[in-house]
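To start, the structure under review is shown below, and the notes come after it.
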Amino acid sequence: MLTVDFDRFPVGPGDRVLDLGCGGGRHAFEVYRRGADVTAVDMNADELDQVEGLFGAMKLAGEAPADATAETVNGDATNLPFDDASFDRVIAAEVMEHIPDDAKALGELTRVLKPGGLVAVTVPAWLPEKVCWALSDAYHEVPGGHIRIYRKGQLVERLQAAGLEYVGSHHAHALHAPYWWLKCAVGVNKDPLPVRLYHKLLVWDIVKAPKLTRTAEQLLNPVLGKSIVVYARKPGAGA
């Protein structure tokens, strides 16, 4: 399930891409398929082991171009182990809401991005996230959990303060917002029948992508989209 729209955020062969806070690797795998040289960074070594294993499986299966490369790095978003201007693209999907010093992380993200390069930052959207927090403390009061809720304007201002130029934005995953509201209402660690049935619906939608649910989500995204995606550019050559 991708949150970044790669029509708005073009990635292709020869691009060096940083997936910052890669988690399970969903965006890293996509840019690898597109022929980019991807570096997936996360603090969770166990998840990185799984991502690295899947990179290898993709290479063996021919799911990525032969000249594309993929690597994993255990690292901290506020102190990245890369030289200045190392990457053409940077993705930070659902990570900034976890980082206490998000300004420092955005500064690092900007530092390692090449002039003219693009960044895509996704965070939980304000309204759906606000409902989750109101329904359940357990949703966010966990080690490493969400520590803030962004409004779009606040995120754009922080990107601009880091030296980036705002390009555009959109919402995504409207069908997922009610699922999390339901989870929060019944207990995030509980799995009653309504939660299981809704989860099956989401899996079916992801796998089959039927026109009905795809159209419904597109219509609902501006209001109920669980995530907001903001795109920005670093000023300079190639901009």
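Within each chain, counting starts at residue 1; across the structure tokens, chains are named A, B, ... in the order shown, with ligands numbered 1 upward in that order.
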Mind dumping a table of every range 35-118 of chain A residue within 8 Å of range 141-153 of chain A, with the nearest atom pair and its distance in Å to one decimal, using only C-alpha atoms, sorted by chain and rising number, as a tab-separated table?
```
residue	atom	partner	partner_atom	distance
A:Glu97	CA	A:His146	CA	5.3
A:His98	CA	A:His146	CA	4.9
A:Ile99	CA	A:Ile147	CA	7.5
A:Pro100	CA	A:Ile147	CA	7.3
```
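Take the candidates A:Leu80, A:Tyr179, A:Ala120, A:Gly168 and check each one against Lys200 in chain A using only C-alpha atoms; the shortest distance goes to A:Tyr179.
One finds CA of Val207 in chain A at 14.4 Å from CA of Arg26 in chain A.
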Please tabulate, as CSV, the residues of range 50-156 of chain A that come within 9 Å of range 209-228 of chain A, each with its closest pair of atoms and the distance in Å to one decimal, counting only C-alpha atoms and ordering rows by chain, then residue number upward.
```
residue,atom,partner,partner_atom,distance
A:Glu94,CA,A:Ser227,CA,8.1
A:Val121,CA,A:Ile228,CA,8.3
A:Thr122,CA,A:Ile228,CA,5.5
A:Val123,CA,A:Ser227,CA,5.6
A:Pro124,CA,A:Ser227,CA,4.3
A:Ala125,CA,A:Ser227,CA,4.7
A:Trp126,CA,A:Lys226,CA,8.4
A:Leu127,CA,A:Leu224,CA,7.4
A:Pro128,CA,A:Lys226,CA,5.8
A:Glu129,CA,A:Lys226,CA,7.3
A:Lys152,CA,A:Ile228,CA,7.5
```
Based on the selection just made, write N, CA and C atoms of those residues as a CSV table (one decimal), in the first residue's frame.
```csv
chain,number,residue,atom,x,y,z
A,94,GLU,N,5.4,8.5,7.3
A,94,GLU,CA,4.8,8.2,8.6
A,94,GLU,C,5.9,8.0,9.6
A,121,VAL,N,7.1,13.9,2.2
A,121,VAL,CA,6.9,13.6,3.7
A,121,VAL,C,5.5,13.3,3.9
A,122,THR,N,5.2,12.1,4.5
A,122,THR,CA,3.8,11.8,4.8
A,122,THR,C,3.7,11.7,6.3
A,123,VAL,N,2.5,12.2,6.8
A,123,VAL,CA,2.2,12.1,8.3
A,123,VAL,C,0.7,11.8,8.4
A,124,PRO,N,0.3,11.3,9.6
A,124,PRO,CA,-1.2,11.2,9.7
A,124,PRO,C,-1.9,12.6,9.6
A,125,ALA,N,-3.0,12.6,8.9
A,125,ALA,CA,-3.7,13.8,8.7
A,125,ALA,C,-4.4,14.3,10.0
A,126,TRP,N,-4.6,15.6,10.1
A,126,TRP,CA,-5.1,16.1,11.4
A,126,TRP,C,-6.4,15.6,11.9
A,127,LEU,N,-7.4,15.6,11.1
A,127,LEU,CA,-8.8,15.2,11.5
A,127,LEU,C,-8.8,13.7,11.9
A,128,PRO,N,-8.5,12.8,11.0
A,128,PRO,CA,-8.5,11.4,11.4
A,128,PRO,C,-7.7,11.1,12.6
A,129,GLU,N,-6.5,11.7,12.7
A,129,GLU,CA,-5.6,11.4,13.8
A,129,GLU,C,-6.2,12.0,15.1
A,152,LYS,N,-1.6,20.6,8.1
A,152,LYS,CA,-0.9,20.7,6.9
A,152,LYS,C,0.0,22.0,6.9
```
